[in-house]
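Visitor: query-v2.cif is reproduced below (mmCIF, C-alpha atoms).
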data_protein
loop_
_atom_site.label_atom_id
_atom_site.label_comp_id
_atom_site.auth_asym_id
_atom_site.auth_seq_id
_atom_site.Cartn_x
_atom_site.Cartn_y
_atom_site.Cartn_z
CA MET A 1 0.00 0.00 0.00
CA ARG A 2 2.79 2.40 0.88
CA SER A 3 4.56 1.70 -2.41
CA ASP A 4 1.36 2.36 -4.38
CA SER A 5 0.76 5.67 -2.59
CA GLN A 6 4.36 6.70 -3.21
CA ASP A 7 4.01 5.87 -6.91
CA ARG A 8 0.81 7.92 -7.13
CA ALA A 9 2.50 10.84 -5.40
CA SER A 10 5.47 10.55 -7.76
CA TRP A 11 3.22 10.58 -10.82
CA GLY A 12 1.28 13.52 -9.40
CA LEU A 13 4.49 15.51 -8.92
CA ARG A 14 5.66 14.66 -12.43
CA CYS A 15 2.34 15.76 -13.93
CA ALA A 16 2.50 18.99 -11.92
CA ALA A 17 6.06 19.64 -13.11
CA TRP A 18 5.19 19.02 -16.76
CA GLY A 19 2.05 21.13 -16.39
CA GLY A 20 4.12 24.00 -15.05
CA LEU A 21 6.59 23.70 -17.92
CA VAL A 22 3.81 23.71 -20.51
CA PHE A 23 2.17 26.72 -18.85
CA LEU A 24 5.45 28.65 -18.87
CA HIS A 25 6.59 27.75 -22.38
CA PHE A 26 3.34 27.58 -24.35
CA PRO A 27 3.42 31.35 -25.18
CA ILE A 28 6.98 30.93 -26.46
CA LEU A 29 5.89 28.06 -28.71
CA ILE A 30 3.10 30.27 -30.08
CA ILE A 31 5.64 32.95 -31.01
CA PHE A 32 7.80 30.35 -32.76
CA LEU A 33 4.77 29.08 -34.67
CA TYR A 34 3.61 32.54 -35.73
CA ALA A 35 7.10 33.44 -36.99
CA PHE A 36 6.34 31.02 -39.88
CA ASN A 37 2.73 32.14 -40.35
CA THR A 38 1.42 33.29 -43.73
CA GLU A 39 0.50 36.92 -44.33
CA ASP A 40 -3.27 36.51 -44.68
CA ALA A 41 -3.47 34.43 -41.49
CA ALA A 42 -1.37 36.67 -39.27
CA PHE A 43 -4.02 36.97 -36.54
CA SER A 44 -5.77 33.60 -36.81
CA PHE A 45 -5.30 30.40 -34.85
CA PRO A 46 -4.41 27.79 -35.84
CA PRO A 47 -2.22 29.13 -38.67
CA LYS A 48 -3.59 28.47 -42.13
CA GLY A 49 -0.16 28.09 -43.69
CA LEU A 50 3.58 28.26 -43.11
CA THR A 51 6.15 30.39 -44.89
CA LEU A 52 9.75 31.61 -44.59
CA LYS A 53 8.86 34.94 -46.18
CA TRP A 54 9.03 36.95 -42.96
CA PHE A 55 12.60 35.92 -42.26
CA SER A 56 13.81 37.49 -45.51
CA VAL A 57 11.65 40.56 -44.86
CA ALA A 58 13.01 40.97 -41.32
CA PHE A 59 16.67 40.58 -42.25
CA SER A 60 16.38 42.98 -45.17
CA ARG A 61 15.21 45.84 -42.95
CA PRO A 62 17.98 48.29 -41.92
CA ASP A 63 16.33 49.07 -38.57
CA VAL A 64 16.31 45.40 -37.59
CA LEU A 65 19.92 44.85 -38.65
CA GLU A 66 21.06 47.97 -36.80
CA ALA A 67 19.25 46.85 -33.62
CA ILE A 68 20.84 43.39 -33.87
CA ARG A 69 24.30 44.89 -34.41
CA LEU A 70 23.93 47.21 -31.42
CA SER A 71 22.64 44.47 -29.12
CA LEU A 72 25.49 42.14 -30.07
CA GLN A 73 28.05 44.92 -29.62
CA VAL A 74 26.71 45.92 -26.20
CA ALA A 75 26.44 42.30 -24.99
CA ALA A 76 29.99 41.47 -26.15
CA ILE A 77 31.59 44.52 -24.48
CA ALA A 78 29.56 44.16 -21.28
CA THR A 79 30.47 40.46 -21.08
CA LEU A 80 34.18 41.19 -21.55
CA ILE A 81 34.10 43.81 -18.77
CA ALA A 82 32.18 41.41 -16.53
CA LEU A 83 34.68 38.60 -17.11
CA VAL A 84 37.60 40.79 -16.09
CA LEU A 85 36.01 42.56 -13.11
CA GLY A 86 34.02 39.55 -11.90
CA THR A 87 37.09 37.29 -11.95
CA LEU A 88 39.29 39.81 -10.16
CA ALA A 89 36.62 40.45 -7.52
CA SER A 90 36.08 36.75 -6.86
CA ALA A 91 39.84 36.15 -6.59
CA ALA A 92 40.10 38.94 -4.01
CA LEU A 93 37.15 37.80 -1.89
CA TYR A 94 36.94 34.02 -2.04
CA ARG A 95 39.50 33.03 0.63
CA ARG A 96 40.84 35.76 2.90
CA ASP A 97 38.79 37.61 5.52
CA PHE A 98 39.28 41.34 6.00
CA PHE A 99 37.35 44.31 7.32
CA GLY A 100 34.52 45.27 4.95
CA LYS A 101 34.50 41.99 3.00
CA GLN A 102 30.79 41.36 3.57
CA GLY A 103 29.94 44.91 2.59
CA ILE A 104 31.90 44.60 -0.65
CA SER A 105 30.20 41.28 -1.41
CA LEU A 106 26.79 42.89 -0.83
CA MET A 107 27.63 45.82 -3.10
CA LEU A 108 28.70 43.42 -5.85
CA ILE A 109 25.48 41.40 -5.67
CA LEU A 110 23.13 44.38 -5.15
CA PRO A 111 22.69 45.36 -8.84
CA ILE A 112 21.16 41.98 -9.70
CA ALA A 113 18.99 41.99 -6.55
CA LEU A 114 17.53 45.47 -7.04
CA PRO A 115 14.57 46.01 -9.38
CA GLY A 116 15.78 47.02 -12.82
CA ILE A 117 13.85 50.29 -12.70
CA ILE A 118 15.77 51.36 -9.57
CA THR A 119 19.10 50.57 -11.20
CA GLY A 120 18.07 52.35 -14.38
CA ILE A 121 16.96 55.53 -12.60
CA ALA A 122 20.12 55.56 -10.46
CA LEU A 123 22.36 55.17 -13.51
CA LEU A 124 20.50 57.85 -15.44
CA ALA A 125 20.78 60.29 -12.54
CA THR A 126 24.50 59.55 -12.21
CA PHE A 127 25.14 60.07 -15.92
CA LYS A 128 23.28 63.40 -15.83
CA VAL A 129 25.29 64.59 -12.84
CA LEU A 130 28.51 63.64 -14.64
CA GLY A 131 27.33 65.27 -17.87
CA ILE A 132 27.50 62.03 -19.88
CA GLU A 133 25.07 61.80 -22.77
CA PRO A 134 23.13 58.51 -23.04
CA GLY A 135 24.41 56.25 -25.81
CA LEU A 136 26.49 53.15 -26.39
CA PHE A 137 28.81 53.87 -23.47
CA THR A 138 25.99 54.30 -20.95
CA ILE A 139 24.22 51.15 -22.14
CA VAL A 140 27.42 49.12 -21.74
CA VAL A 141 28.03 50.50 -18.25
CA GLY A 142 24.45 49.75 -17.25
CA HIS A 143 24.64 46.17 -18.52
CA ALA A 144 28.07 45.57 -17.02
CA THR A 145 26.78 46.42 -13.53
CA PHE A 146 24.63 43.29 -13.40
CA CYS A 147 26.72 41.11 -15.72
CA VAL A 148 29.63 41.35 -13.26
CA VAL A 149 27.43 39.64 -10.65
CA ILE A 150 26.82 36.64 -12.93
CA VAL A 151 30.53 36.06 -13.57
CA TYR A 152 31.42 36.75 -9.93
CA ASN A 153 28.96 34.14 -8.63
CA ASN A 154 30.18 31.48 -11.07
CA VAL A 155 33.88 32.06 -10.50
CA ILE A 156 33.79 32.40 -6.70
CA ALA A 157 31.76 29.19 -6.43
CA ARG A 158 34.39 27.36 -8.49
CA LEU A 159 37.27 28.86 -6.50
CA ARG A 160 35.69 27.71 -3.24
CA ARG A 161 35.54 24.14 -4.60
CA THR A 162 39.18 24.20 -5.70
CA SER A 163 41.67 23.08 -3.07
CA HIS A 164 44.20 25.75 -2.14
CA SER A 165 46.77 22.99 -1.63
CA LEU A 166 47.08 22.75 -5.43
CA ILE A 167 48.23 26.37 -5.56
CA GLU A 168 50.62 25.86 -2.65
CA ALA A 169 52.06 22.74 -4.29
CA SER A 170 52.60 24.63 -7.54
CA MET A 171 54.47 27.42 -5.75
CA ASP A 172 56.52 24.91 -3.75
CA LEU A 173 57.62 23.26 -6.99
CA GLY A 174 59.03 26.55 -8.25
CA ALA A 175 56.20 27.95 -10.36
CA ASP A 176 55.80 31.73 -10.32
CA GLY A 177 52.46 33.51 -10.02
CA TRP A 178 51.76 33.57 -13.76
CA GLN A 179 52.61 29.89 -14.22
CA THR A 180 50.38 28.92 -11.28
CA PHE A 181 47.52 30.94 -12.72
CA ARG A 182 48.02 29.53 -16.23
CA TYR A 183 48.46 25.86 -15.39
CA ILE A 184 46.52 25.43 -12.12
CA ILE A 185 43.90 28.12 -11.58
CA LEU A 186 42.78 28.86 -15.14
CA PRO A 187 42.08 25.22 -16.15
CA ASN A 188 39.90 24.83 -13.06
CA LEU A 189 38.10 28.10 -13.80
CA GLY A 190 37.72 27.52 -17.55
CA SER A 191 34.19 26.14 -17.63
CA ALA A 192 33.01 28.54 -14.89
CA LEU A 193 34.33 31.52 -16.85
CA LEU A 194 32.76 30.28 -20.07
CA ALA A 195 29.43 29.60 -18.36
CA GLY A 196 29.47 32.97 -16.61
CA GLY A 197 30.30 34.74 -19.85
CA MET A 198 27.51 32.95 -21.72
CA LEU A 199 24.97 33.79 -19.02
CA ALA A 200 26.12 37.42 -18.93
CA PHE A 201 25.86 37.67 -22.72
CA ALA A 202 22.33 36.23 -22.70
CA LEU A 203 21.25 38.52 -19.88
CA SER A 204 22.66 41.59 -21.62
CA PHE A 205 21.27 40.73 -25.04
CA ASP A 206 17.62 40.71 -23.94
CA GLU A 207 17.77 43.34 -21.16
CA ILE A 208 15.19 46.12 -21.57
CA ILE A 209 14.44 47.89 -18.26
CA VAL A 210 17.90 49.32 -17.51
CA THR A 211 18.42 49.91 -21.24
CA THR A 212 15.29 52.08 -21.40
CA PHE A 213 16.90 54.60 -19.02
CA THR A 214 20.43 54.49 -20.45
CA ALA A 215 19.93 54.14 -24.23
CA GLY A 216 19.09 57.72 -25.20
CA HIS A 217 18.41 57.65 -28.94
CA GLU A 218 19.99 54.22 -29.42
CA ARG A 219 17.71 51.22 -30.04
CA THR A 220 18.77 47.75 -28.98
CA LEU A 221 16.78 44.76 -30.16
CA PRO A 222 14.53 44.55 -27.05
CA LEU A 223 13.75 48.29 -27.36
CA TRP A 224 12.97 47.78 -31.04
CA LEU A 225 10.53 45.02 -30.08
CA LEU A 226 8.90 47.27 -27.49
CA ASN A 227 8.37 50.00 -30.08
CA GLN A 228 6.84 47.46 -32.48
CA LEU A 229 3.89 46.87 -30.11
CA SER A 230 2.27 50.02 -31.51
CA ARG A 231 2.63 48.78 -35.11
CA PRO A 232 0.19 45.89 -35.65
CA ARG A 233 0.98 45.67 -39.38
CA ASP A 234 4.52 44.56 -38.52
CA VAL A 235 3.40 41.66 -36.29
CA PRO A 236 4.88 38.90 -38.55
CA VAL A 237 8.29 40.62 -38.62
CA THR A 238 8.08 41.24 -34.88
CA ASN A 239 7.46 37.53 -34.30
CA VAL A 240 10.58 36.63 -36.28
CA VAL A 241 12.74 39.06 -34.29
CA ALA A 242 11.20 37.86 -31.01
CA MET A 243 12.09 34.29 -31.92
CA LEU A 244 15.68 35.40 -32.64
CA VAL A 245 15.94 37.07 -29.22
CA MET A 246 14.62 33.97 -27.47
CA LEU A 247 17.05 31.69 -29.31
CA VAL A 248 20.05 33.91 -28.61
CA THR A 249 19.00 34.01 -24.96
CA MET A 250 18.11 30.35 -24.44
CA LEU A 251 21.06 28.70 -26.16
CA PRO A 252 23.77 30.30 -23.95
CA ILE A 253 21.73 29.46 -20.84
CA LEU A 254 21.49 25.81 -21.86
CA GLY A 255 25.18 25.78 -22.71
CA ALA A 256 26.07 27.27 -19.32
CA TYR A 257 23.95 24.64 -17.59
CA TYR A 258 25.76 21.76 -19.30
CA LEU A 259 29.15 23.35 -18.61
CA THR A 260 28.58 23.77 -14.86
CA ARG A 261 26.50 20.74 -13.92
CA GLY A 262 29.68 18.68 -13.28
CA GLY A 263 31.49 21.49 -11.47
CA GLU A 264 31.61 19.60 -8.18
CA SER A 265 34.28 17.31 -9.63
CA VAL A 266 36.95 19.97 -10.20
CA ALA A 267 40.53 19.10 -9.36
CA GLY A 268 41.29 19.16 -5.67
CA SER A 269 37.67 19.45 -4.56
CA GLY A 270 37.69 16.05 -2.90
CA ALA A 271 34.90 14.66 -5.13
CA LYS A 272 35.14 11.05 -6.17
#
Mind converting the file's structure to structure tokens?

Guide:
Amino acid sequence: MRSDSQDRASWGLRCAAWGGLVFLHFPILIIFLYAFNTEDAAFSFPPKGLTLKWFSVAFSRPDVLEAIRLSLQVAAIATLIALVLGTLASAALYRRDFFGKQGISLMLILPIALPGIITGIALLATFKVLGIEPGLFTIVVGHATFCVVIVYNNVIARLRRTSHSLIEASMDLGADGWQTFRYIILPNLGSALLAGGMLAFALSFDEIIVTTFTAGHERTLPLWLLNQLSRPRDVPVTNVVAMLVMLVTMLPILGAYYLTRGGESVAGSGAK
């Protein structure tokens, strides 16, 4: 009897989990489907036909290409900044205790914990005080503030699972600081850095709230999509671009998941 009740509970939990996944992802599947919808059936369900026409239309429009270029440029620069600053911050904080360490850790994590509208308003006010005009630079700075957190969390978690005795052994055997970093630390951090960079890129590419306050006259892809809501005749093209944003966002997240799921078995962590 107990086994039967446990089996029923297990099936109930599985059904609930799958139901939640369907509920969350069904709207995304609708967008994917409508990206291939024919022109005369743009607002009907189910679609009356499928076509690739809207892909050629979307990628022949200068405004779409410019928005894609800007989003990729911002995401790449913000990710590079995050990789450098996040790695340095995690290296400084992961092992030694010093006065103010907890406060610094809180300040690093705060941008991702605060609502985006608060961060956006704060950045806009700061740029105005400094006399900096909104544009590419301000968007990159805004995105880098929360991308640093993503890299920092990934790298510091990996450093905490890496035995410090490996570093001590390397130094005892005559390796200098650069050699220890290159041959001991970096190989252990490789997948964490890659995963953190991929997550930061995905987060930057589809960010809209902070970008709204820091973009000025620039239009990233999410801002372009927001402006398209008032243009119902462009719905098919909007669906294609929305699908592109979702793919560019989802693929790095999935890649980061597969890169970090075996992170507990890093060298020196004691895992067997």

Visitor: Evaluate the PyMOL selection byres ((chain A and resi 85) around 12) here and jot the selected residues down as a list in words.

Guide: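 When the PyMOL selection byres ((chain A and resi 85) around 12) is applied, the selected residues are Ala78, Thr79, Leu80, Ile81, Ala82, Leu83, Val84, Gly86, Thr87, Leu88, Ala89, Ser90, Ala91, Ala92, Leu108, Ala144, Thr145, Phe146, Cys147, Val148, Val149, Ile150, Val151, Tyr152, Asn153, Val155, Leu193 and Gly197 of chain A.
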
Visitor: Mind checking which residues fall within 7 Å of range 238-242 of chain A, counting all atoms listed in the file, ignoring those fewer than 4 positions away in the same chain, and posting them as a PyMOL selection string?

Guide: chain A and resi 31+34-35+54-55+225+228+234+246

Visitor: What is the CA of Ile185 in chain A to CA of Leu259 in chain A distance in Å?

Guide: 17.0 Å

Visitor: What's the 6 Å shell around Ala75 in chain A, counting all atoms listed in the file, without same-chain residues fewer than 6 positions away, as an MDAnalysis selection string?

Guide: chainID A and resid 201 204:205

Visitor: Write the residues of the preceding selection, restricted to C-alpha atoms, as a PDB file, in the frame of the given file.

Guide:
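That gives us selection.pdb:
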ATOM      1  CA  PHE A 201      25.860  37.670 -22.720  1.00  0.00           C
ATOM      2  CA  SER A 204      22.660  41.590 -21.620  1.00  0.00           C
ATOM      3  CA  PHE A 205      21.270  40.730 -25.040  1.00  0.00           C
TER       4      PHE A 205
END

Visitor: Looking at A:Pro236, A:Leu226, A:Val210, A:Met243, which one is nearest to Pro115 in chain A, with distances taken over only C-alpha atoms?

Guide: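 Among A:Pro236, A:Leu226, A:Val210, A:Met243, it is A:Val210 that comes nearest to Pro115 in chain A.
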
Visitor: Between A:Ser56, A:Gln73, A:Thr138, A:Thr162, which has the minimum distance to Gly216 in chain A (counting all atoms listed in the file)?

Guide: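 Ranked by minimum distance to Gly216 in chain A, first place goes to A:Thr138.
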
Visitor: I'd like the neighbourhood of Met198 in chain A as an mmCIF file with C-alpha atoms, keeping the file's coordinate frame, where a residue qualifies if any of its atoms comes within 7 Å (using all atoms listed in the file), though same-chain residues fewer than 5 positions away should be ignored.

Guide:
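Here's the written file out02.cif:
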data_model
loop_
_atom_site.group_PDB
_atom_site.id
_atom_site.type_symbol
_atom_site.label_atom_id
_atom_site.label_comp_id
_atom_site.auth_asym_id
_atom_site.auth_seq_id
_atom_site.Cartn_x
_atom_site.Cartn_y
_atom_site.Cartn_z
ATOM 1 C CA PRO A 252 23.770 30.300 -23.950
ATOM 2 C CA ILE A 253 21.730 29.460 -20.840
ATOM 3 C CA ALA A 256 26.070 27.270 -19.320
#

Visitor: Rounded to one decimal place, report the CA of Asp206 in chain A-CA of Arg231 in chain A distance in Å.

Guide: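 Taking CA of Asp206 in chain A as the start and CA of Arg231 in chain A as the end point, the length is 20.4 Å.
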
Visitor: If you count all atoms listed in the file, which residues fall within 12 Å of Gly177 in chain A, apart from same-chain ones fewer than 6 positions away, as a list in words?

Guide: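 Contacts, with the query itself left out: Ile167, Glu168, Ser170, Met171, Tyr183, Ile184, Ile185 and Leu186 of chain A.
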
Visitor: Would you mind listing what lies within 8 Å of range 123-134 of chain A as an MDAnalysis selection string, with all atoms listed in the file counted and same-chain residues fewer than 2 positions away left out?

Guide: chainID A and resid 119:121 136:139 142 213:217

Visitor: Selected residues, C-alpha atoms, written as a PDB file, keeping the file's coordinate frame, please.

Guide:
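Written output follows (selection.pdb):
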ATOM      1  CA  THR A 119      19.100  50.570 -11.200  1.00  0.00           C
ATOM      2  CA  GLY A 120      18.070  52.350 -14.380  1.00  0.00           C
ATOM      3  CA  ILE A 121      16.960  55.530 -12.600  1.00  0.00           C
ATOM      4  CA  LEU A 136      26.490  53.150 -26.390  1.00  0.00           C
ATOM      5  CA  PHE A 137      28.810  53.870 -23.470  1.00  0.00           C
ATOM      6  CA  THR A 138      25.990  54.300 -20.950  1.00  0.00           C
ATOM      7  CA  ILE A 139      24.220  51.150 -22.140  1.00  0.00           C
ATOM      8  CA  GLY A 142      24.450  49.750 -17.250  1.00  0.00           C
ATOM      9  CA  PHE A 213      16.900  54.600 -19.020  1.00  0.00           C
ATOM     10  CA  THR A 214      20.430  54.490 -20.450  1.00  0.00           C
ATOM     11  CA  ALA A 215      19.930  54.140 -24.230  1.00  0.00           C
ATOM     12  CA  GLY A 216      19.090  57.720 -25.200  1.00  0.00           C
ATOM     13  CA  HIS A 217      18.410  57.650 -28.940  1.00  0.00           C
TER      14      HIS A 217
END

Visitor: Point out the residue among A:Ala58, A:Ile156, A:Phe98, A:Ser163 with the least atom-to-atom distance to Val235 in chain A, counting all atoms listed in the file.

Guide: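 Nearest candidate to Val235 in chain A out of A:Ala58, A:Ile156, A:Phe98, A:Ser163: A:Ala58.
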
Visitor: Any idea what the distance is between CA of Val57 in chain A and CA of Ile77 in chain A?

Guide: 28.8 Å

Visitor: Quick one: of A:Ile104, A:Thr211, A:Glu66, A:Val237, who's nearest to Lys53 in chain A, counting all atoms listed in the file?

Guide: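 Among A:Ile104, A:Thr211, A:Glu66, A:Val237, it is A:Val237 that comes nearest to Lys53 in chain A.
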
Visitor: Which is closest to Glu218 in chain A among A:Ala17, A:Leu159, A:Leu24, A:Val140, if we use only C-alpha atoms?

Guide: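 The closest residue to Glu218 in chain A is A:Val140.
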
Visitor: If the box runs along x, y and z of the file and leaves 3 Å on each side of range 120-129 of chain A, what are its centre and edge lengths in Å, one decimal, as JSON?

Guide:
{"center_x": 21.1, "center_y": 58.5, "center_z": -13.2, "size_x": 14.3, "size_y": 18.2, "size_z": 11.5}

Visitor: Within 6 Å of (2.7, 29.0, -47.1) in the file's own coordinates, which protein, DNA or RNA residues have an atom, counting only C-alpha atoms? List them as a PyMOL selection string.

Guide: chain A and resi 38+49-51

Visitor: Taking into account all atoms listed in the file, which residue in the set A:Val141, A:Leu93, A:Leu166, A:Leu254 is nearest to Pro111 in chain A?

Guide: A:Val141

Visitor: Select, counting only C-alpha atoms, all protein, DNA and RNA residues no farther than 8 Å from (30.6, 26.7, -13.6) in file coordinates, and express the selection as a list in words.

Guide: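 Protein, DNA and RNA residues close to (30.6, 26.7, -13.6): Asn154, Val155, Ala157, Arg158, Leu189, Ser191, Ala192, Leu193, Leu194, Ala195, Gly196, Ala256, Leu259, Thr260, Arg261 and Gly263 of chain A.
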